[in-house]
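J.: Compact mmCIF, C-alpha atoms, file protein13.txt:
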```txt
# COMPACT_ATOMS: atom_id res chain seq x y z
CA MET A 145 67.30 150.45 80.42
CA SER A 146 68.13 153.75 82.14
CA GLU A 147 68.11 153.84 85.92
CA VAL A 148 65.08 155.52 87.51
CA LYS A 149 66.05 158.80 89.18
CA ARG A 150 65.61 158.72 92.96
CA VAL A 151 64.45 162.07 94.33
CA ALA A 152 64.65 163.03 98.00
CA LEU A 153 63.32 166.11 99.75
CA VAL A 154 65.47 167.29 102.68
CA THR A 155 64.13 170.18 104.75
CA GLY A 156 66.69 172.49 106.33
CA GLY A 157 69.34 171.23 103.95
CA SER A 158 71.58 174.25 103.54
CA ARG A 159 73.41 174.10 106.89
CA GLY A 160 74.69 171.76 109.59
CA ILE A 161 73.27 168.24 109.69
CA GLY A 162 70.94 168.98 106.78
CA ARG A 163 73.81 169.99 104.51
CA ALA A 164 75.67 166.80 105.43
CA ILE A 165 72.54 164.76 104.60
CA VAL A 166 72.22 166.45 101.21
CA ARG A 167 75.85 165.67 100.42
CA ALA A 168 75.55 162.06 101.60
CA LEU A 169 72.43 161.40 99.52
CA ALA A 170 73.91 163.07 96.45
CA GLY A 171 76.96 160.85 96.90
CA GLU A 172 74.68 157.79 96.79
CA GLY A 173 73.07 158.85 93.53
CA TRP A 174 69.99 160.66 94.79
CA THR A 175 68.76 163.89 93.25
CA VAL A 176 68.12 166.06 96.30
CA ALA A 177 65.62 168.88 96.57
CA PHE A 178 66.58 170.72 99.75
CA THR A 179 65.09 173.70 101.52
CA TRP A 180 66.50 176.83 103.08
CA ARG A 181 64.85 179.56 105.14
CA GLU A 182 67.62 182.13 105.54
CA ARG A 183 71.08 182.65 104.04
CA GLU A 184 70.22 181.97 100.44
CA ASP A 185 73.91 182.32 99.57
CA GLU A 186 74.74 179.13 101.51
CA ALA A 187 72.00 177.21 99.71
CA ARG A 188 73.20 178.44 96.33
CA ARG A 189 76.80 177.47 97.11
CA LEU A 190 75.73 173.94 98.05
CA ALA A 191 73.67 173.64 94.88
CA GLU A 192 76.64 174.82 92.79
CA GLU A 193 78.93 172.36 94.58
CA LEU A 194 76.68 169.39 93.82
CA GLY A 195 75.51 170.46 90.36
CA ASP A 196 72.55 168.57 88.93
CA ALA A 197 72.33 166.42 92.09
CA ALA A 198 70.85 169.21 94.24
CA ARG A 199 68.10 171.81 93.84
CA PRO A 200 67.35 174.52 96.47
CA PHE A 201 63.85 175.65 97.46
CA GLN A 202 62.84 178.31 99.97
CA PHE A 203 60.71 177.08 102.86
CA ASP A 204 59.58 178.30 106.28
CA LEU A 205 58.28 175.70 108.75
CA LEU A 206 55.64 178.15 109.98
CA ASP A 207 54.15 178.65 106.52
CA ARG A 208 51.26 176.21 106.71
CA ALA A 209 50.42 176.36 103.01
CA ARG A 210 53.96 175.92 101.74
CA PRO A 211 54.50 172.14 102.25
CA LYS A 212 51.85 171.23 99.68
CA SER A 213 53.05 173.74 97.09
CA LEU A 214 56.66 172.71 97.78
CA VAL A 215 55.95 169.03 97.19
CA ASP A 216 53.90 169.85 94.08
CA GLU A 217 56.81 171.93 92.73
CA ILE A 218 59.35 169.20 93.32
CA GLU A 219 57.14 166.49 91.82
CA GLU A 220 56.72 168.63 88.70
CA ARG A 221 60.20 170.15 88.33
CA VAL A 222 62.54 167.53 89.82
CA GLY A 223 60.72 164.18 89.84
CA PRO A 224 58.72 161.75 91.98
CA ILE A 225 59.70 162.03 95.64
CA ALA A 226 60.90 158.66 96.92
CA GLY A 227 62.47 159.94 100.13
CA LEU A 228 61.59 162.63 102.66
CA VAL A 229 63.92 163.82 105.41
CA ASN A 230 62.30 166.18 107.92
CA ASN A 231 65.40 167.82 109.31
CA ALA A 232 64.51 171.52 109.58
CA GLY A 233 63.90 172.85 113.06
CA VAL A 234 64.13 175.90 115.29
CA ARG A 235 65.40 176.18 118.85
CA HIS A 236 64.48 178.66 121.57
CA ASP A 237 65.75 177.97 125.07
CA ALA A 238 63.75 179.27 128.02
CA LEU A 239 62.65 177.98 131.40
CA LEU A 240 59.06 176.74 131.33
CA ALA A 241 58.00 179.10 134.12
CA ALA A 242 59.06 182.07 131.98
CA LEU A 243 57.91 180.73 128.59
CA PRO A 244 55.11 182.78 127.01
CA ASP A 245 52.29 181.06 125.14
CA ASP A 246 53.34 182.37 121.74
CA ALA A 247 56.88 180.98 122.13
CA TRP A 248 55.48 177.57 123.14
CA ASP A 249 53.05 177.59 120.22
CA ARG A 250 55.78 178.60 117.77
CA MET A 251 58.16 175.86 118.90
CA LEU A 252 55.54 173.11 118.60
CA ASP A 253 54.09 174.46 115.36
CA ALA A 254 57.50 174.68 113.70
CA ASN A 255 59.22 171.56 115.02
CA LEU A 256 56.26 169.16 115.21
CA GLY A 257 53.65 170.82 113.04
CA GLY A 258 56.20 171.30 110.27
CA VAL A 259 56.97 167.58 110.22
CA PHE A 260 53.26 166.75 110.20
CA ARG A 261 52.56 169.07 107.27
CA CYS A 262 55.51 167.87 105.18
CA CYS A 263 54.54 164.23 105.74
CA ARG A 264 50.93 165.00 104.89
CA ALA A 265 51.98 166.70 101.64
CA ALA A 266 54.31 163.94 100.45
CA ILE A 267 52.42 160.83 101.52
CA PRO A 268 49.59 160.94 98.93
CA PHE A 269 52.18 160.70 96.14
CA MET A 270 53.99 157.86 97.91
CA LEU A 271 50.71 156.02 98.51
CA ARG A 272 49.86 156.14 94.81
CA ARG A 273 53.28 154.72 93.95
CA ARG A 274 53.18 152.25 96.85
CA ALA A 275 56.73 153.14 97.79
CA GLY A 276 58.65 155.70 99.81
CA SER A 277 60.81 156.25 102.86
CA ILE A 278 60.56 158.99 105.46
CA VAL A 279 63.19 159.85 108.08
CA ASN A 280 62.33 162.36 110.80
CA VAL A 281 65.15 164.02 112.72
CA SER A 282 64.41 164.31 116.44
CA SER A 283 66.76 165.30 119.26
CA LEU A 284 68.39 163.77 122.31
CA THR A 285 66.27 166.22 124.32
CA ALA A 286 63.26 164.05 123.42
CA VAL A 287 64.56 161.21 125.59
CA HIS A 288 67.13 162.89 127.84
CA GLY A 289 65.67 166.00 129.45
CA LEU A 290 67.57 169.27 129.33
CA GLY A 291 66.64 172.32 131.37
CA GLY A 292 65.52 175.23 129.24
CA GLN A 293 64.30 173.03 126.40
CA THR A 294 60.84 171.99 127.57
CA ALA A 295 59.08 173.23 124.42
CA TYR A 296 61.80 172.00 122.09
CA GLY A 297 61.94 168.62 123.87
CA ALA A 298 58.16 168.24 123.79
CA ALA A 299 58.09 168.88 120.05
CA LYS A 300 60.98 166.52 119.36
CA ALA A 301 59.40 163.80 121.52
CA GLY A 302 56.21 164.27 119.54
CA ILE A 303 58.15 163.48 116.37
CA LEU A 304 58.96 160.03 117.77
CA GLY A 305 55.32 159.25 118.47
CA LEU A 306 54.26 160.59 115.08
CA SER A 307 56.87 158.42 113.34
CA ARG A 308 55.80 155.20 115.05
CA SER A 309 52.09 155.71 114.41
CA LEU A 310 52.62 156.86 110.83
CA ALA A 311 54.72 153.77 110.15
CA ARG A 312 51.66 151.69 111.11
CA GLU A 313 49.36 153.77 108.92
CA VAL A 314 51.35 153.54 105.69
CA GLY A 315 53.39 150.35 106.01
CA SER A 316 50.90 148.21 104.10
CA ARG A 317 51.47 150.46 101.06
CA GLY A 318 55.23 149.95 101.09
CA ILE A 319 56.15 153.20 102.85
CA ARG A 320 58.65 153.18 105.69
CA VAL A 321 58.87 155.80 108.46
CA ASN A 322 61.77 156.03 110.89
CA ALA A 323 63.39 158.61 113.15
CA VAL A 324 66.93 159.45 114.16
CA ILE A 325 68.14 161.05 117.37
CA PRO A 326 71.50 162.78 116.98
CA GLY A 327 73.61 163.40 120.04
CA PHE A 328 75.51 166.65 120.46
CA VAL A 329 76.63 167.80 117.01
CA PRO A 330 78.68 171.02 116.75
CA THR A 331 76.64 173.04 114.24
CA ASP A 332 75.50 176.65 113.90
CA MET A 333 72.28 175.79 115.74
CA VAL A 334 74.20 175.19 118.98
CA ALA A 335 76.96 177.74 118.43
CA ASP A 336 75.61 179.82 121.31
CA VAL A 337 75.96 177.00 123.86
CA PRO A 338 78.70 177.90 126.39
CA PRO A 339 81.86 175.70 126.29
CA GLU A 340 81.34 174.43 129.84
CA ARG A 341 77.83 173.27 128.93
CA VAL A 342 79.15 171.52 125.82
CA LYS A 343 81.70 169.73 127.99
CA ALA A 344 78.96 168.62 130.39
CA LEU A 345 76.75 167.45 127.53
CA ARG A 346 79.57 165.36 126.05
CA ALA A 347 80.80 163.96 129.37
CA ALA A 348 78.71 160.79 129.06
CA GLU A 349 79.84 159.92 125.53
CA ALA A 350 81.55 156.53 125.29
CA LEU A 351 83.37 157.36 122.05
CA PRO A 352 85.91 160.19 122.14
CA VAL A 353 85.24 161.01 118.48
CA GLY A 354 81.78 162.26 119.46
CA VAL A 355 79.03 162.80 116.89
CA THR A 356 79.55 164.58 113.59
CA ALA A 357 77.05 165.85 111.06
CA ALA A 358 78.53 163.36 108.58
CA SER A 359 77.91 160.39 110.88
CA VAL A 360 74.27 161.40 111.32
CA ALA A 361 73.95 161.86 107.56
CA GLU A 362 75.22 158.36 106.86
CA ALA A 363 72.64 156.90 109.22
CA VAL A 364 69.87 158.87 107.52
CA ALA A 365 71.06 157.74 104.08
CA PHE A 366 70.98 154.13 105.27
CA LEU A 367 67.42 154.40 106.61
CA LEU A 368 66.26 156.09 103.42
CA SER A 369 67.79 153.38 101.22
CA GLU A 370 66.70 149.88 100.29
CA ARG A 371 69.40 148.56 102.61
CA ALA A 372 66.86 149.30 105.36
CA ALA A 373 63.96 147.73 103.46
CA SER A 374 62.69 145.83 106.54
CA ILE A 375 63.10 148.67 109.03
CA THR A 376 60.17 150.91 109.93
CA GLY A 377 58.72 152.53 113.03
CA GLN A 378 62.15 152.62 114.65
CA THR A 379 64.30 155.30 116.28
CA LEU A 380 68.05 155.18 115.69
CA VAL A 381 70.13 156.97 118.32
CA ILE A 382 73.45 158.36 117.06
CA ASP A 383 75.03 159.70 120.23
CA ALA A 384 78.55 158.21 120.55
CA GLY A 385 77.24 155.99 123.33
CA MET A 386 75.86 158.75 125.56
CA MET A 387 72.73 156.73 126.33
CA ALA A 388 74.56 153.40 126.73
```
How would this structure read if it were set down as structure tokens?
T.:
Amino acid sequence: MSEVKRVALVTGGSRGIGRAIVRALAGEGWTVAFTWREREDEARRLAEELGDAARPFQFDLLDRARPKSLVDEIEERVGPIAGLVNNAGVRHDALLAALPDDAWDRMLDANLGGVFRCCRAAIPFMLRRRAGSIVNVSSLTAVHGLGGQTAYGAAKAGILGLSRSLAREVGSRGIRVNAVIPGFVPTDMVADVPPERVKALRAAEALPVGVTAASVAEAVAFLLSERAASITGQTLVIDAGMMA
């Protein structure tokens, strides 16, 4: 009997942590549908690198109609989605006192609303199959405040609450929902952070190796897999001991 193909959807999978997650899942035998918003060339290169194990799809977190059509496309063209990783996000640093309403709305709509809409699109299929695993990527800012990231931190904290409540809603149908909180990971998203601030952010880490995109990806792959069959509604912090 041939093995059933496991399909995962990873949002924001063409760069940084998302790219590492795509590679990790492909390495464990998943077929990965991953999304990109900009830099199509990077997405195409990753797809070429992984061959049949990865398929790129364009997606913008602020496009409210796209999650449903995206999930429908993947279900039809790639296969039944067994795993969802909500990794895509946007960051805009500004002090709260100087933050305009539209910037606040955009940050929450993209980072929290995007997770909500992707979960809402995928869950009906998982409910019918009585199986599935969702991993939502939050941020250390959700639990360890950082000046200039009030909107980003609020959205990422919301992801933790969403994950816990959703785990309660769908657990009886065999669907697991967990979250991960990466520590400081040197990716393009934080390339504009000054070196002295990076040093301050990493000062509390207990492990000199720090946090890499690959180490976060391995944790996500574990939570998505049957090795974590009894784990739901939890938040796994991957921060090299910063919060110890």
J.: For atom CA of A:Ser374 and atom CA of A:Arg273, quote the distance in Å rounded to one decimal.
T.: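 Between these atoms lies a distance of 18.1 Å.
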J.: Report the distance between atom CA of A:Glu349 and atom CA of A:Ser307 in Å, rounded to one decimal place.
T.: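 Spanning atom CA of A:Glu349 to atom CA of A:Ser307 is a straight-line distance of 26.0 Å.
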J.: Tell me which residues come within 9 Å of (54.1, 171.1, 99.6), as JSON, numbers by chain, counting only C-alpha atoms in the file's coordinates.
T.: {"A": [209, 210, 211, 212, 213, 214, 215, 216, 217, 218, 261, 262, 264, 265, 266]}
J.: Considering all atoms listed in the file, return as a ChimeraX atom specification whatever protein or nucleic-acid residues lie within 10 Å of A:Gly291, sequence-local ones (same chain, fewer than 4 positions apart) excluded.
T.: /A:237-240,285,297
J.: Put the listed atoms of stretch 150-163 of chain A in a box along x, y and z with 8 Å added on every side and give me the centre and edge lengths in Å to one decimal, as AutoDock Vina command-line options.
T.:
```
--center_x 69.0 --center_y 166.5 --center_z 101.3 --size_x 27.4 --size_y 31.5 --size_z 32.7
```
J.: Here is a test: counting all atoms listed in the file, which residue of A:Gln202, A:Ser309, A:Ser316, A:Gln293 is nearest to A:Met251?
T.: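 The closest residue to A:Met251 is A:Gln293.
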J.: Residues within 6 Å of A:Trp180, please, as an mmCIF file with C-alpha atoms, keeping the file's coordinate frame. Count all atoms listed in the file; anything in the same chain fewer than 3 positions from it doesn't count.
T.:
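Output (selection05.cif):
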```cif
data_model
loop_
_atom_site.group_PDB
_atom_site.id
_atom_site.type_symbol
_atom_site.label_atom_id
_atom_site.label_comp_id
_atom_site.auth_asym_id
_atom_site.auth_seq_id
_atom_site.Cartn_x
_atom_site.Cartn_y
_atom_site.Cartn_z
ATOM 1 C CA GLY A 156 66.690 172.490 106.330
ATOM 2 C CA SER A 158 71.580 174.250 103.540
ATOM 3 C CA GLN A 202 62.840 178.310 99.970
ATOM 4 C CA PHE A 203 60.710 177.080 102.860
#
```
J.: Of the residues A:Val381, A:Leu205, A:Ile267, A:Val259, which is the one nearest to A:Arg320, using all atoms listed in the file?
T.: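 Of A:Val381, A:Leu205, A:Ile267, A:Val259, the one nearest A:Arg320, counting all atoms listed in the file, is A:Ile267.
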J.: Go ahead and compute the interatomic distance for atom CA of A:Gly171 and atom CA of A:Ile225, in Å to one decimal.
T.: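 Distance reported for this atom pair: 17.3 Å.
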J.: With a distance cut-off of 9 Å and all atoms listed in the file, select the neighbouring residues of A:Ser277, excluding the residue or stretch itself and same-chain residues fewer than 2 positions from it, and output the selection as a list in words.
T.: Ala226, Gly227, Leu228, Val229, Met270, Ala275, Val279, Gly318, Ile319, Arg320, Val321, Asn322, Leu367, Leu368, Ser369 and Thr376 of chain A
J.: List every protein, DNA or RNA residue that has at least one atom no more than 7 Å from (48.3, 156.2, 104.1) in the file's coordinates, counting only C-alpha atoms, and write the result as a list in words.
T.: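 Protein, DNA and RNA residues close to (48.3, 156.2, 104.1): Ile267, Leu271, Glu313 and Val314 of chain A.
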J.: Taking only C-alpha atoms into account, name the residue in A:Gly377, A:Thr356, A:Phe366, A:Lys343 that is nearest to A:Arg312.
T.: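 Distance minimum relative to A:Arg312 lands on A:Gly377.
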J.: Which residue gives the smallest distance to A:Gly162 among A:Gly233, A:Gly257, A:Pro224, A:Gly385, with only C-alpha atoms counted?
T.: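 Of all the options, A:Gly233 lies closest to A:Gly162.
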J.: Given the choices A:Val337, A:Ala347, A:Ile278, A:Ala358, which gets closest to A:Gln378 if the distance is worked out from all atoms listed in the file?
T.: A:Ile278
J.: Return stretch 225-237 of chain A, completed with N, CA and C atoms, as an mmCIF file, keeping the file's coordinate frame.
T.:
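Writing the result to out.cif gives the following:
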```cif
data_model
loop_
_atom_site.group_PDB
_atom_site.id
_atom_site.type_symbol
_atom_site.label_atom_id
_atom_site.label_comp_id
_atom_site.auth_asym_id
_atom_site.auth_seq_id
_atom_site.Cartn_x
_atom_site.Cartn_y
_atom_site.Cartn_z
ATOM 1 N N ILE A 225 58.985 162.078 94.363
ATOM 2 C CA ILE A 225 59.700 162.030 95.640
ATOM 3 C C ILE A 225 59.645 160.624 96.215
ATOM 4 N N ALA A 226 60.809 160.008 96.344
ATOM 5 C CA ALA A 226 60.900 158.660 96.920
ATOM 6 C C ALA A 226 61.346 158.706 98.376
ATOM 7 N N GLY A 227 61.983 159.815 98.769
ATOM 8 C CA GLY A 227 62.470 159.940 100.130
ATOM 9 C C GLY A 227 62.206 161.315 100.694
ATOM 10 N N LEU A 228 61.827 161.365 101.959
ATOM 11 C CA LEU A 228 61.590 162.630 102.660
ATOM 12 C C LEU A 228 62.375 162.624 103.955
ATOM 13 N N VAL A 229 63.178 163.657 104.153
ATOM 14 C CA VAL A 229 63.920 163.820 105.410
ATOM 15 C C VAL A 229 63.464 165.118 106.059
ATOM 16 N N ASN A 230 62.756 165.010 107.173
ATOM 17 C CA ASN A 230 62.300 166.180 107.920
ATOM 18 C C ASN A 230 63.382 166.564 108.922
ATOM 19 N N ASN A 231 64.257 167.439 108.486
ATOM 20 C CA ASN A 231 65.400 167.820 109.310
ATOM 21 C C ASN A 231 65.285 169.237 109.863
ATOM 22 N N ALA A 232 64.574 170.119 109.166
ATOM 23 C CA ALA A 232 64.510 171.520 109.580
ATOM 24 C C ALA A 232 63.909 171.661 110.974
ATOM 25 N N GLY A 233 64.424 172.612 111.719
ATOM 26 C CA GLY A 233 63.900 172.850 113.060
ATOM 27 C C GLY A 233 64.370 174.191 113.586
ATOM 28 N N VAL A 234 63.718 174.658 114.638
ATOM 29 C CA VAL A 234 64.130 175.900 115.290
ATOM 30 C C VAL A 234 64.275 175.623 116.784
ATOM 31 N N ARG A 235 65.157 176.371 117.425
ATOM 32 C CA ARG A 235 65.400 176.180 118.850
ATOM 33 C C ARG A 235 65.291 177.494 119.585
ATOM 34 N N HIS A 236 64.589 177.471 120.713
ATOM 35 C CA HIS A 236 64.480 178.660 121.570
ATOM 36 C C HIS A 236 64.505 178.175 123.010
ATOM 37 N N ASP A 237 65.588 178.443 123.696
ATOM 38 C CA ASP A 237 65.750 177.970 125.070
ATOM 39 C C ASP A 237 65.141 178.965 126.054
#
```
